[in-house]
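Raw contents of structure_26.txt, compact mmCIF, C-alpha atoms and all ligand atoms:
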# COMPACT_ATOMS: atom_id res chain seq x y z
CA MET A 567 0.00 0.00 0.00
CA PRO A 568 1.43 3.45 -0.85
CA HIS A 569 2.40 5.68 2.03
CA TYR A 570 0.59 8.72 0.75
CA GLN A 571 -2.93 8.09 1.95
CA VAL A 572 -4.95 10.63 3.83
CA VAL A 573 -6.29 9.43 7.18
CA LYS A 574 -9.80 7.96 7.05
CA GLY A 575 -12.37 10.62 7.84
CA ALA A 576 -10.05 13.51 6.97
CA ARG A 577 -9.66 15.22 3.62
CA ASP A 578 -7.37 17.51 1.70
CA ILE A 579 -8.57 20.81 0.34
CA PHE A 580 -6.92 21.68 -2.95
CA PRO A 581 -6.48 25.15 -4.49
CA ASP A 582 -9.69 24.99 -6.59
CA GLU A 583 -11.76 24.31 -3.52
CA ILE A 584 -9.77 26.78 -1.43
CA LEU A 585 -11.33 29.48 -3.60
CA GLN A 586 -14.73 28.33 -2.38
CA TRP A 587 -13.58 28.24 1.25
CA LYS A 588 -12.11 31.72 0.99
CA HIS A 589 -15.31 33.01 -0.52
CA ILE A 590 -17.34 31.66 2.42
CA GLU A 591 -14.76 32.79 4.97
CA GLY A 592 -14.71 36.25 3.42
CA VAL A 593 -18.48 36.60 3.84
CA ILE A 594 -18.27 35.36 7.45
CA HIS A 595 -15.49 37.82 8.35
CA ARG A 596 -17.29 40.74 6.70
CA LEU A 597 -20.62 40.02 8.34
CA ALA A 598 -18.98 39.37 11.71
CA ALA A 599 -17.53 42.87 11.49
CA LEU A 600 -20.95 44.28 10.60
CA TYR A 601 -22.48 42.66 13.69
CA GLY A 602 -19.55 43.51 15.97
CA PHE A 603 -18.27 39.96 16.54
CA ASN A 604 -14.51 39.59 17.12
CA GLU A 605 -12.54 36.55 16.05
CA ILE A 606 -11.10 34.17 18.64
CA ARG A 607 -8.70 31.26 18.10
CA THR A 608 -8.16 28.69 20.81
CA PRO A 609 -5.84 25.65 20.90
CA VAL A 610 -6.89 22.49 19.04
CA PHE A 611 -6.57 20.54 22.26
CA GLU A 612 -7.86 21.10 25.76
CA TYR A 613 -7.77 19.10 28.98
CA THR A 614 -10.22 16.24 28.60
CA GLU A 615 -12.22 17.17 31.67
CA LEU A 616 -13.20 20.47 30.04
CA PHE A 617 -15.38 18.54 27.59
CA GLN A 618 -16.54 16.02 30.18
CA ARG A 619 -17.76 18.87 32.37
CA SER A 620 -19.26 20.98 29.62
CA ILE A 621 -20.68 18.77 26.90
CA GLY A 622 -21.76 16.20 29.47
CA SER A 623 -20.77 12.60 30.00
CA SER A 624 -24.10 11.24 28.76
CA THR A 625 -23.55 12.58 25.25
CA ASP A 626 -22.24 10.58 22.29
CA ILE A 627 -19.43 13.07 21.84
CA VAL A 628 -17.93 12.51 25.28
CA GLY A 629 -19.01 8.88 25.51
CA LYS A 630 -17.35 7.62 22.37
CA GLU A 631 -16.28 10.26 19.88
CA MET A 632 -13.35 12.07 21.46
CA PHE A 633 -9.75 11.68 20.38
CA SER A 634 -8.07 11.72 23.78
CA PHE A 635 -4.50 10.93 24.71
CA LEU A 636 -1.85 11.41 27.36
CA PRO A 637 0.77 13.90 26.23
CA ASP A 638 3.29 12.18 28.53
CA PRO A 639 2.98 9.31 31.02
CA ALA A 640 2.49 11.60 34.00
CA GLY A 641 0.42 14.20 32.16
CA ARG A 642 -3.28 15.02 32.29
CA SER A 643 -5.34 13.55 29.48
CA ILE A 644 -5.90 15.99 26.65
CA THR A 645 -8.49 15.84 23.85
CA LEU A 646 -8.63 17.20 20.34
CA ARG A 647 -11.53 19.62 20.58
CA PRO A 648 -14.83 18.10 19.37
CA GLU A 649 -16.61 21.48 19.49
CA MET A 650 -15.71 25.09 20.14
CA THR A 651 -18.07 26.44 22.76
CA ALA A 652 -16.31 24.85 25.74
CA GLY A 653 -12.91 26.14 24.64
CA VAL A 654 -14.20 29.65 24.00
CA MET A 655 -15.89 29.77 27.39
CA ARG A 656 -12.76 28.37 29.04
CA ALA A 657 -10.64 31.06 27.40
CA ALA A 658 -13.08 33.83 28.35
CA LEU A 659 -13.19 32.70 31.98
CA GLN A 660 -9.45 32.20 32.28
CA LYS A 661 -8.67 35.62 30.82
CA ASN A 662 -11.55 37.20 32.75
CA LEU A 663 -12.69 38.80 29.50
CA LEU A 664 -16.00 39.94 30.90
CA ALA A 665 -14.26 42.13 33.45
CA ALA A 666 -12.77 44.12 30.57
CA ALA A 667 -16.07 44.46 28.74
CA PRO A 668 -19.30 43.03 30.15
CA VAL A 669 -20.52 41.79 26.78
CA GLN A 670 -18.23 39.73 24.57
CA LYS A 671 -19.18 38.87 21.01
CA LEU A 672 -16.81 36.26 19.67
CA TYR A 673 -16.71 34.20 16.50
CA TYR A 674 -14.46 31.54 15.02
CA ILE A 675 -13.76 29.38 11.99
CA SER A 676 -12.00 26.31 13.39
CA GLU A 677 -11.19 22.64 12.90
CA LEU A 678 -12.78 20.03 15.12
CA PHE A 679 -12.26 16.32 15.64
CA ARG A 680 -14.78 13.59 16.36
CA LYS A 681 -14.30 9.84 16.14
CA GLU A 682 -17.46 9.21 14.14
CA ARG A 683 -18.10 6.71 11.36
CA PRO A 684 -17.07 8.66 8.25
CA GLN A 685 -19.79 9.11 5.63
CA ALA A 686 -21.05 11.83 3.30
CA GLY A 687 -21.19 15.04 5.34
CA ARG A 688 -19.60 13.37 8.36
CA GLN A 689 -15.85 13.50 8.84
CA ARG A 690 -13.43 12.92 11.68
CA GLN A 691 -11.77 16.24 11.09
CA PHE A 692 -14.16 18.99 10.03
CA SER A 693 -14.61 22.73 10.48
CA GLN A 694 -17.24 24.91 11.97
CA PHE A 695 -17.87 28.59 11.95
CA GLY A 696 -19.77 29.88 14.90
CA ALA A 697 -20.35 32.69 17.34
CA GLU A 698 -20.67 33.00 21.08
CA LEU A 699 -22.29 35.99 22.72
CA LEU A 700 -21.23 36.12 26.37
CA GLY A 701 -22.35 38.33 29.23
CA VAL A 702 -25.97 38.88 28.27
CA SER A 703 -28.70 36.41 27.57
CA SER A 704 -31.76 38.38 26.69
CA PRO A 705 -34.09 37.25 23.92
CA ALA A 706 -32.53 40.04 21.85
CA ALA A 707 -29.10 38.46 22.31
CA VAL A 708 -30.31 35.04 21.18
CA ALA A 709 -32.06 36.65 18.22
CA GLU A 710 -28.83 38.47 17.42
CA VAL A 711 -26.81 35.26 17.03
CA ILE A 712 -29.55 33.62 14.96
CA THR A 713 -29.81 36.71 12.77
CA PHE A 714 -26.06 36.79 12.20
CA MET A 715 -26.08 33.11 11.20
CA MET A 716 -29.05 33.47 8.86
CA HIS A 717 -27.57 36.62 7.34
CA VAL A 718 -24.43 34.67 6.39
CA PHE A 719 -26.59 32.04 4.67
CA GLU A 720 -28.55 34.74 2.89
CA VAL A 721 -25.48 36.55 1.57
CA LEU A 722 -24.02 33.22 0.42
CA GLY A 723 -27.24 32.69 -1.54
CA LEU A 724 -28.38 29.46 0.12
CA GLN A 725 -31.93 28.36 -0.56
CA GLY A 726 -34.10 25.63 0.92
CA LEU A 727 -33.16 26.21 4.55
CA THR A 728 -35.39 25.41 7.49
CA LEU A 729 -34.80 27.02 10.86
CA ARG A 730 -36.40 24.97 13.63
CA ILE A 731 -36.60 26.43 17.08
CA ASN A 732 -37.70 25.35 20.52
CA THR A 733 -37.40 26.37 24.12
CA LEU A 734 -36.00 23.96 26.67
CA GLY A 735 -37.14 26.10 29.56
CA ASN A 736 -35.03 26.96 32.56
CA MET A 737 -33.49 24.56 35.08
CA ASP A 738 -36.63 24.37 37.25
CA ASP A 739 -38.88 23.62 34.28
CA ARG A 740 -36.47 20.97 33.11
CA LYS A 741 -36.27 19.33 36.53
CA ARG A 742 -40.04 18.96 36.72
CA TYR A 743 -40.17 17.71 33.16
CA ARG A 744 -37.33 15.22 33.66
CA GLU A 745 -39.30 13.66 36.48
CA ALA A 746 -42.47 13.48 34.43
CA LEU A 747 -40.57 11.93 31.54
CA ARG A 748 -38.96 9.32 33.78
CA ASN A 749 -42.35 8.41 35.21
CA TYR A 750 -43.67 7.97 31.68
CA LEU A 751 -40.67 5.94 30.50
CA ALA A 752 -40.35 3.71 33.57
CA PRO A 753 -42.87 1.07 32.37
CA PHE A 754 -40.95 0.88 29.05
CA TYR A 755 -37.55 0.58 30.71
CA GLU A 756 -36.87 -2.98 29.57
CA GLN A 757 -37.67 -2.04 25.95
CA LEU A 758 -35.17 0.82 25.91
CA ASP A 759 -31.97 0.34 23.94
CA ASP A 760 -28.66 0.48 25.82
CA ALA A 761 -27.97 4.14 25.06
CA SER A 762 -31.45 5.12 26.22
CA LYS A 763 -31.16 3.05 29.39
CA GLU A 764 -28.02 4.96 30.20
CA ARG A 765 -29.72 8.26 29.47
CA PHE A 766 -32.77 7.31 31.55
CA GLU A 767 -30.99 8.30 34.76
CA LYS A 768 -28.55 10.90 33.55
CA ASN A 769 -30.52 12.83 30.98
CA PRO A 770 -33.80 11.30 29.82
CA LEU A 771 -34.48 14.28 27.53
CA ARG A 772 -31.91 12.91 25.16
CA ILE A 773 -34.04 9.81 24.61
CA LEU A 774 -36.42 12.13 22.74
CA ASP A 775 -33.53 12.81 20.38
CA SER A 776 -32.85 9.11 19.62
CA LYS A 777 -32.67 8.15 15.96
CA ASN A 778 -33.75 4.58 16.79
CA PRO A 779 -37.30 4.13 15.36
CA GLU A 780 -38.31 1.90 18.29
CA MET A 781 -37.33 4.65 20.73
CA GLN A 782 -39.15 7.15 18.57
CA GLU A 783 -42.29 5.04 18.86
CA ILE A 784 -42.00 4.78 22.62
CA VAL A 785 -41.64 8.53 23.04
CA THR A 786 -44.61 9.47 20.83
CA GLY A 787 -46.91 9.39 23.83
CA ALA A 788 -44.46 11.07 26.21
CA PRO A 789 -45.43 14.22 28.04
CA LYS A 790 -44.42 17.39 26.23
CA LEU A 791 -41.75 19.66 27.67
CA HIS A 792 -43.82 22.57 26.52
CA ASP A 793 -46.54 21.74 29.04
CA TYR A 794 -44.02 22.05 31.89
CA LEU A 795 -42.70 25.48 31.02
CA GLY A 796 -43.21 28.31 33.44
CA ARG A 797 -44.37 31.80 32.52
CA GLU A 798 -40.81 33.15 32.41
CA SER A 799 -39.65 30.59 29.83
CA LEU A 800 -42.73 31.08 27.69
CA ASP A 801 -42.38 34.86 27.70
CA ASP A 802 -38.71 34.59 26.84
CA PHE A 803 -39.48 32.31 23.90
CA GLU A 804 -42.26 34.56 22.63
CA LYS A 805 -39.85 37.47 22.63
CA VAL A 806 -37.19 35.57 20.66
CA LEU A 807 -39.81 34.60 18.07
CA PHE A 808 -41.01 38.18 17.93
CA TYR A 809 -37.49 39.44 17.13
CA LEU A 810 -37.08 36.85 14.39
CA SER A 811 -40.46 37.73 12.91
CA VAL A 812 -39.78 41.45 12.75
CA ARG A 813 -36.52 40.71 10.96
CA GLY A 814 -38.36 38.56 8.42
CA ILE A 815 -36.57 35.35 9.43
CA PRO A 816 -38.87 32.38 8.83
CA PHE A 817 -38.84 29.61 11.46
CA GLN A 818 -40.73 26.50 12.48
CA ILE A 819 -41.44 25.80 16.12
CA ASP A 820 -40.45 22.21 16.88
CA HIS A 821 -41.21 21.01 20.38
CA ARG A 822 -39.20 17.80 19.80
CA LEU A 823 -35.94 19.67 19.21
CA VAL A 824 -33.62 19.13 22.19
CA ARG A 825 -30.11 19.17 20.63
CA GLY A 826 -27.34 16.81 21.62
CA LEU A 827 -25.47 18.71 24.29
CA ASP A 828 -26.35 18.91 27.96
CA TYR A 829 -25.69 22.56 28.60
CA TYR A 830 -28.53 24.26 26.77
CA SER A 831 -31.42 26.04 28.43
CA TYR A 832 -34.21 28.23 27.05
CA THR A 833 -33.86 28.63 23.28
CA ALA A 834 -32.40 25.88 21.10
CA PHE A 835 -32.39 25.93 17.31
CA GLU A 836 -31.20 24.00 14.31
CA VAL A 837 -30.95 24.73 10.59
CA THR A 838 -31.33 22.04 7.95
CA SER A 839 -30.76 22.29 4.21
CA SER A 840 -32.80 20.50 1.56
CA ALA A 841 -29.64 20.37 -0.58
CA LEU A 842 -28.02 17.92 1.84
CA GLY A 843 -28.68 14.20 2.07
CA ALA A 844 -29.18 12.14 5.22
CA GLN A 845 -26.86 14.43 7.18
CA ASP A 846 -28.97 17.51 6.52
CA ALA A 847 -28.18 19.54 9.65
CA LEU A 848 -26.21 22.60 8.69
CA GLY A 849 -25.85 23.99 12.17
CA GLY A 850 -27.52 24.88 15.39
CA GLY A 851 -27.14 26.45 18.74
CA GLY A 852 -28.90 27.92 21.70
CA ARG A 853 -28.52 29.48 25.08
CA TYR A 854 -26.23 28.01 27.73
CA ASP A 855 -26.15 30.18 30.82
CA SER A 856 -25.10 27.33 33.12
CA LEU A 857 -21.99 26.27 31.20
CA ALA A 858 -19.65 28.61 33.09
CA VAL A 859 -20.81 27.19 36.44
CA GLU A 860 -20.21 23.65 35.16
CA LEU A 861 -16.65 24.73 34.46
CA GLY A 862 -16.18 26.00 37.99
CA SER A 863 -17.06 29.68 37.66
CA SER A 864 -18.57 31.14 40.84
CA GLY A 865 -21.48 32.67 38.93
CA GLU A 866 -23.46 32.07 35.78
CA VAL A 867 -22.26 33.67 32.58
CA PRO A 868 -25.26 34.35 30.37
CA ALA A 869 -24.40 33.02 26.94
CA SER A 870 -25.78 31.99 23.58
CA GLY A 871 -24.23 30.86 20.35
CA PHE A 872 -24.33 28.67 17.29
CA ALA A 873 -22.06 26.45 15.21
CA VAL A 874 -22.35 25.69 11.50
CA GLY A 875 -20.52 22.89 9.68
CA MET A 876 -18.30 24.43 7.01
CA GLU A 877 -18.05 21.27 4.89
CA ARG A 878 -21.82 20.90 4.78
CA LEU A 879 -22.17 24.56 3.93
CA LEU A 880 -19.78 23.96 1.06
CA ILE A 881 -21.62 20.86 -0.15
CA ALA A 882 -24.97 22.68 -0.06
CA MET A 883 -23.53 25.61 -1.99
CA GLN A 884 -21.86 23.34 -4.55
CA LYS A 885 -25.16 21.51 -5.09
CA GLN A 886 -26.90 24.83 -5.65
CA GLY A 887 -24.24 26.01 -8.10
CA LEU A 888 -23.32 29.00 -5.97
CA PHE A 889 -19.63 28.95 -6.83
CA SER A 890 -19.91 29.21 -10.61
CA ASP A 891 -18.67 32.83 -10.72
CA LEU A 892 -15.50 32.20 -8.72
CA GLU A 893 -12.30 32.62 -10.65
CA ALA A 894 -8.76 31.94 -9.52
CA ALA A 895 -6.66 35.09 -9.36
CA ALA A 896 -4.67 35.25 -12.60
CA PRO A 897 -1.23 36.88 -12.80
CA SER A 898 -1.01 40.28 -14.48
CA VAL A 899 2.27 39.48 -16.14
CA PHE A 900 3.96 36.29 -17.34
CA VAL A 901 7.59 37.02 -18.10
CA ILE A 902 8.71 35.06 -21.17
CA VAL A 903 12.45 34.45 -21.47
CA GLN A 904 13.52 34.26 -25.09
CA GLN A 905 16.96 32.81 -24.43
CA GLN A 906 17.65 30.92 -21.23
CA GLU A 907 21.00 32.70 -20.72
CA LEU A 908 18.94 35.82 -20.00
CA PHE A 909 17.02 34.10 -17.23
CA ASP A 910 18.82 35.86 -14.36
CA GLN A 911 18.19 39.28 -15.90
CA ALA A 912 14.56 38.36 -16.47
CA LEU A 913 14.34 37.38 -12.81
CA GLU A 914 15.45 40.86 -11.84
CA ILE A 915 12.58 42.29 -13.87
CA VAL A 916 10.20 39.88 -12.14
CA THR A 917 11.44 41.11 -8.77
CA ARG A 918 10.97 44.77 -9.73
CA LEU A 919 7.44 44.15 -10.95
CA ARG A 920 6.47 42.23 -7.82
CA ARG A 921 7.93 44.91 -5.58
CA ALA A 922 5.75 47.39 -7.43
CA GLY A 923 2.72 45.29 -6.49
CA ILE A 924 2.21 43.69 -9.89
CA SER A 925 1.51 39.95 -9.75
CA THR A 926 4.15 38.34 -11.93
CA VAL A 927 5.24 34.79 -12.72
CA ILE A 928 8.08 33.29 -14.70
CA ASP A 929 8.72 29.74 -15.85
CA LEU A 930 11.23 28.20 -13.44
CA ALA A 931 11.65 25.00 -15.43
CA GLY A 932 13.70 26.43 -18.31
CA ARG A 933 11.16 25.46 -20.95
CA SER A 934 10.90 26.58 -24.57
CA MET A 935 9.21 29.86 -25.47
CA LYS A 936 6.25 27.96 -26.88
CA ALA A 937 5.85 26.05 -23.63
CA GLN A 938 6.15 29.28 -21.63
CA LEU A 939 3.38 30.89 -23.69
CA ARG A 940 1.20 27.83 -23.28
CA GLU A 941 1.71 28.05 -19.53
CA ALA A 942 0.88 31.77 -19.54
CA ASN A 943 -2.41 31.00 -21.28
CA ARG A 944 -3.17 28.08 -18.98
CA MET A 945 -2.72 30.39 -16.00
CA ASN A 946 -4.92 32.95 -17.71
CA ALA A 947 -2.19 35.61 -17.37
CA ALA A 948 -3.31 39.02 -18.60
CA ASN A 949 -0.04 39.90 -20.32
CA ALA A 950 3.15 38.34 -21.58
CA LEU A 951 6.35 40.35 -21.19
CA PHE A 952 9.06 39.23 -23.60
CA VAL A 953 12.65 39.49 -22.44
CA GLY A 954 15.28 39.01 -25.17
CA SER A 955 18.75 40.38 -25.88
CA ASP A 956 17.35 43.17 -28.10
CA GLU A 957 14.97 44.27 -25.39
CA LEU A 958 17.66 44.28 -22.74
CA ALA A 959 20.04 46.25 -24.98
CA SER A 960 17.43 48.90 -25.74
CA GLY A 961 16.08 48.98 -22.18
CA LYS A 962 12.61 48.35 -23.62
CA CYS A 963 10.34 45.36 -23.29
CA THR A 964 7.69 43.92 -25.55
CA MET A 965 4.41 43.55 -23.75
CA LYS A 966 1.56 41.54 -25.25
CA ASP A 967 -1.99 41.73 -23.99
CA LEU A 968 -2.94 38.07 -24.08
CA ARG A 969 -6.66 38.80 -24.35
CA SER A 970 -6.60 41.35 -27.21
CA SER A 971 -3.26 40.12 -28.66
CA GLN A 972 -2.16 43.76 -28.95
CA GLN A 973 1.53 44.29 -28.56
CA GLU A 974 3.59 47.33 -27.61
CA GLU A 975 7.18 48.20 -26.83
CA CYS A 976 7.81 50.24 -23.75
CA LEU A 977 10.24 50.96 -20.95
CA LEU A 978 9.92 48.83 -17.82
CA GLU A 979 9.22 52.01 -15.84
CA GLU A 980 6.25 52.73 -18.09
CA ILE A 981 4.90 49.26 -17.55
CA ILE A 982 5.28 49.60 -13.82
CA GLU A 983 3.57 52.96 -13.91
CA LYS A 984 0.68 51.66 -15.99
CA PHE A 985 0.05 48.57 -13.88
CA ARG A 986 0.67 50.27 -10.60
CA GLN A 987 -2.27 52.48 -11.42
CA SER A 988 -4.57 49.73 -12.56
CA GLU A 989 -3.55 47.32 -9.81
CA PRO A 990 -2.63 49.00 -6.53
CA LEU A 991 -1.14 46.75 -3.83
CA ASN A 992 -4.12 46.81 -1.51
CA PRO A 993 -7.25 47.08 -3.62
CA PRO A 994 -10.28 48.15 -1.60
CA ARG A 995 -12.96 45.46 -1.48
CA SER A 996 -16.09 46.54 -3.29
P1 LIG A 1001 -23.02 20.01 16.49
O1 LIG A 1001 -21.92 20.71 17.21
O2 LIG A 1001 -22.96 18.51 16.60
O3 LIG A 1001 -24.37 20.57 16.74
O4 LIG A 1001 -22.74 20.29 14.96
C1 LIG A 1001 -23.01 21.52 14.34
C2 LIG A 1001 -22.81 21.33 12.88
O5 LIG A 1001 -21.47 20.90 12.62
C3 LIG A 1001 -23.64 20.23 12.27
O6 LIG A 1001 -24.92 20.70 11.96
C4 LIG A 1001 -22.85 19.87 11.05
O7 LIG A 1001 -23.09 20.80 10.01
C5 LIG A 1001 -21.44 20.01 11.52
N1 LIG A 1001 -20.88 18.72 11.92
C6 LIG A 1001 -21.01 18.08 13.10
N2 LIG A 1001 -20.33 16.92 13.12
C7 LIG A 1001 -19.75 16.82 11.91
C8 LIG A 1001 -18.89 15.86 11.30
N3 LIG A 1001 -18.50 14.75 11.94
N4 LIG A 1001 -18.48 16.09 10.03
C9 LIG A 1001 -18.86 17.21 9.36
N5 LIG A 1001 -19.65 18.14 9.89
C10 LIG A 1001 -20.09 17.97 11.15
Give the structure from this file in structure tokens form.
Amino acid sequence: MPHYQVVKGARDIFPDEILQWKHIEGVIHRLAALYGFNEIRTPVFEYTELFQRSIGSSTDIVGKEMFSFLPDPAGRSITLRPEMTAGVMRAALQKNLLAAAPVQKLYYISELFRKERPQAGRQRQFSQFGAELLGVSSPAAVAEVITFMMHVFEVLGLQGLTLRINTLGNMDDRKRYREALRNYLAPFYEQLDDASKERFEKNPLRILDSKNPEMQEIVTGAPKLHDYLGRESLDDFEKVLFYLSVRGIPFQIDHRLVRGLDYYSYTAFEVTSSALGAQDALGGGGRYDSLAVELGSSGEVPASGFAVGMERLLIAMQKQGLFSDLEAAAPSVFVIVQQQELFDQALEIVTRLRRAGISTVIDLAGRSMKAQLREANRMNAANALFVGSDELASGKCTMKDLRSSQQEECLLEEIIEKFRQSEPLNPPRS
């Protein structure tokens, strides 16, 4: 077997596709700035207990999907991050960010790792973009993160999205509901699958989330969380929905939506795309005021956020043909060396052009003029600059516009002047 195989569940991203990534990332960065979110980058690994405490030990992620290892025999176990929220909260608490400014709006585009069975739309290394709004947890704050996320989708041109939303109530509501759910499920206990049996004690709400059709059948008659919500939770939810409505964001209320992680309270939401197959969840999020306390903070840190899978975003956009206009940046000038003994002098010209901010390439393989021209066309270069002994002697160069085929002789300074004007070093983004 050759030794150049990518690890199962991971993938390479080649230059053609990088264009698509950069397009998406560009939109995310621009919109983040519009909404006042600041980028954060945290380490790819954290101490394992961070995820055990935050995501919750009854979840699939912590139960079986983490890549954990001991950095050295005496060290503490560390884990490649399977999600970002815990790391962002850890960083904010450790740095005491909220003391500097009571509201922190953070966003990220980061790689994550989960030991899942690889399939379409499910990898072992993947990326998410997401945002975390810390320090305030009003309905307006939750609506703000949802609006930011939906705005990104809108600018990217995605169609066929469904935003489903629910409220999980506060801790008191959930406690009363958990009891009611356990009472309902108790007579079915022997019929529960192993995962559900485990969840029965720790977190029976997650049984509602089970993909197993037999579990789904059992829970059809279960009491509804909605009936256990207090006035405060209901008012909060109404307000979130109101903010989404006034911003024209369509949503579906889905009382079955609980999301996989333990730390959510109040609003939870998920977005699916009709362009995706079985793995149709594009992203989701919610409010998680109790996470900071789980991590050992003395008080709650009101918080809400979302995470969106970048690969799935890409697949959905590719399926909808949303990348057709993207073009690789083509060089302005391809320097063609007429005799290879002039190569070093041609290189000097290349250097001068590049220093003037003009994108320039030259064939480094010493190929024939014909091959150089072919390469210039393949790269879609705008111009070919011919360097020969006559040109060097006269101090002039022959420049050919490869699109119009027009040719002119001019001094290098004139070329620099002309292109410097048409292609400044830092073009403003329109
Ligand atoms: P989660 O943190 O599990 O709610 O995931 C949020 C989003 O990340 C999902 O909706 C997917 O778009 C994406 N995602 C989660 N797990 C994977 C994975 N193994 N491979 C690719 N994308 C994933």
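Nearest-residue note for ligand LIG 1001 (chain A): choosing from A:Ala665, A:Ala576, A:Ala922, A:Cys976, the minimum distance belongs to A:Ala576, counting only C-alpha atoms and all ligand atoms.
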**Request:** Take the point (4.8, 47.2, -5.7) in the file's coordinates, draw a sphere of radius 9 Å around it, and report as a PyMOL selection string every protein, DNA or RNA residue with an atom inside or on it, counting all atoms listed in the file.
**Result:** chain A and resi 918-925+982+986+990-991
**Asked** Got a sec: who's within 8 Å of stretch 581-590 of chain A, counting all atoms listed in the file, leaving out chain neighbours fewer than 4 positions off, as JSON, numbers by chain?
**Response** {"A": [594, 722, 880, 889, 892, 893, 894]}
**Asked** Counting only C-alpha atoms and all ligand atoms, which protein, DNA or RNA residues come within 8 Å of ligand LIG 1001 (chain A), given as number ranges by chain?
**Response** A: 648-649, 679-682, 684, 687-694, 825-827, 836-838, 845-851, 872-879
**Request:** Mind giving me the straight-line distance from atom CA of A:Leu791 to atom CA of A:Arg822 in Å, one decimal?
**Result:** 8.5 Å
**Request:** Pick out the residues sitting within 8 Å of stretch 613-626 of chain A, and hand them over as a VMD selection string; count only C-alpha atoms, and ignore anything fewer than 3 positions along from it in its own chain.
**Result:** chain A and resid 629 to 631 634 642 to 645 652 to 653 656 764 to 765 768 to 769 826 to 829 857 860 to 861
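Picture a line from atom CA of A:Arg683 to atom CA of A:Ile712; it runs 29.5 Å.
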**Request:** Excluding A:His821 and any residue of its chain fewer than 6 positions from it, enumerate the residues within 9 Å of it, using all atoms listed in the file, and give them as a ChimeraX atom specification.
**Result:** /A:731-734,790-792
